[in-house]
Amino acid sequence: MYCTDIMIKEHDNILQFLKVVRSMCCTVLEGGELVSSDFRNIVDFARNYSDLHHHGKEEKFLFNEMESRLGPIGENLIRHGMLVEHEMCRAHILDLENALNLWEKKQEPIYKMDILEGAMGYATLLTRHITKENAVVYPFAERQLSSDVVETVDKKVSDFEAETEARGVQKHYLDMIASMREKYGEVEDQHDILQ
Ligand SMILES: [Fe+2]
Ligand SMILES: [Fe+2]
């Protein structure tokens, strides 16, 4: 299924970015400088790549079809599972942004802690969310959606990809991952999230 293939590749890109986020937080925790503009990049990446570009495709093209066509299991999995977690991701990013606004005015330890909490909460939640989509949600869609629905979803995703590619969206955020990774390195998730 073209649509899930492309979104699994995006998951890999997002997971790579989240490892960089963990490394940025470790740097600050160990007494390194908190570079506000780098933490603002997390907000930008989360809102425009992970959310608008990736969750946007899930919500508008794939999940809406699963919710309306795959009975109570589909409805439960999407509406009460995946969509709720997308909202929780947005809340973590808002917390991070608010903390950055406060930190830029006054460099209090509590604001620094809130920045780390927002960034780490986001990284942990989204890592777990992606693991569930790869293992359960996408395979369920691939097994259960009819071929004509799949064809329609694939076409919408392919048009969206072409339009965003023309605006350089994918390249911009892949370059951001590479440059942040070069600066901060990466730290694997230590949670036992695969259980
Ligand atoms: Fe999702
Ligand atoms: Fe996803």
# chains A, B, ... in the order shown; residues from 1 in each chain; ligands from 1
>>> residues_near_ligand(ligand="ligand 1", cutoff="8 Å", atoms="only C-alpha atoms and all ligand atoms", output="list in words")
His54, His55, Glu58, Glu59, Met82, Leu83, Glu85, His86, His129, Ile130 and Glu133 of chain A
>>> closest_atom_pairs(of="stretch 69-188 of chain A", to="stretch 7-26 of chain A", cutoff="8 Å", atoms="only C-alpha atoms", output="Markdown table")
| residue | atom | partner | partner_atom | distance |
| --- | --- | --- | --- | --- |
| A:Leu116 | CA | A:Cys25 | CA | 5.9 |
| A:Ala119 | CA | A:Val21 | CA | 7.0 |
| A:Met120 | CA | A:Arg22 | CA | 6.6 |
| A:Ala123 | CA | A:Leu18 | CA | 5.4 |
| A:Thr127 | CA | A:Leu15 | CA | 6.5 |
| A:Ile130 | CA | A:His11 | CA | 6.5 |
| A:Asn134 | CA | A:Ile8 | CA | 6.9 |
| A:Leu174 | CA | A:Asn13 | CA | 7.5 |
| A:Ile177 | CA | A:Phe17 | CA | 5.7 |
| A:Met180 | CA | A:Val20 | CA | 6.9 |
| A:Arg181 | CA | A:Val20 | CA | 5.7 |
| A:Tyr184 | CA | A:Met24 | CA | 6.0 |
| A:Gly185 | CA | A:Val20 | CA | 6.0 |
| A:Glu186 | CA | A:Val20 | CA | 4.4 |
| A:Val187 | CA | A:Lys19 | CA | 5.0 |
| A:Glu188 | CA | A:Lys19 | CA | 5.6 |
>>> closest_residue(among="A:Met176, A:Ile93, A:Ile42, A:Val157", to="A:Lys60", atoms="only C-alpha atoms")
A:Val157
>>> residues_around(residues="A:His172", least_positions_apart="5", cutoff="10 Å", atoms="only C-alpha atoms", output="list in words")
Phe45, Tyr49, Glu165, Arg167 and Ile177 of chain A
>>> residues_around(residues="A:Lys155", least_positions_apart="6", cutoff="12 Å", atoms="only C-alpha atoms", output="number ranges by chain")
A: 1-3, 57, 61-62, 148-149, 161-162
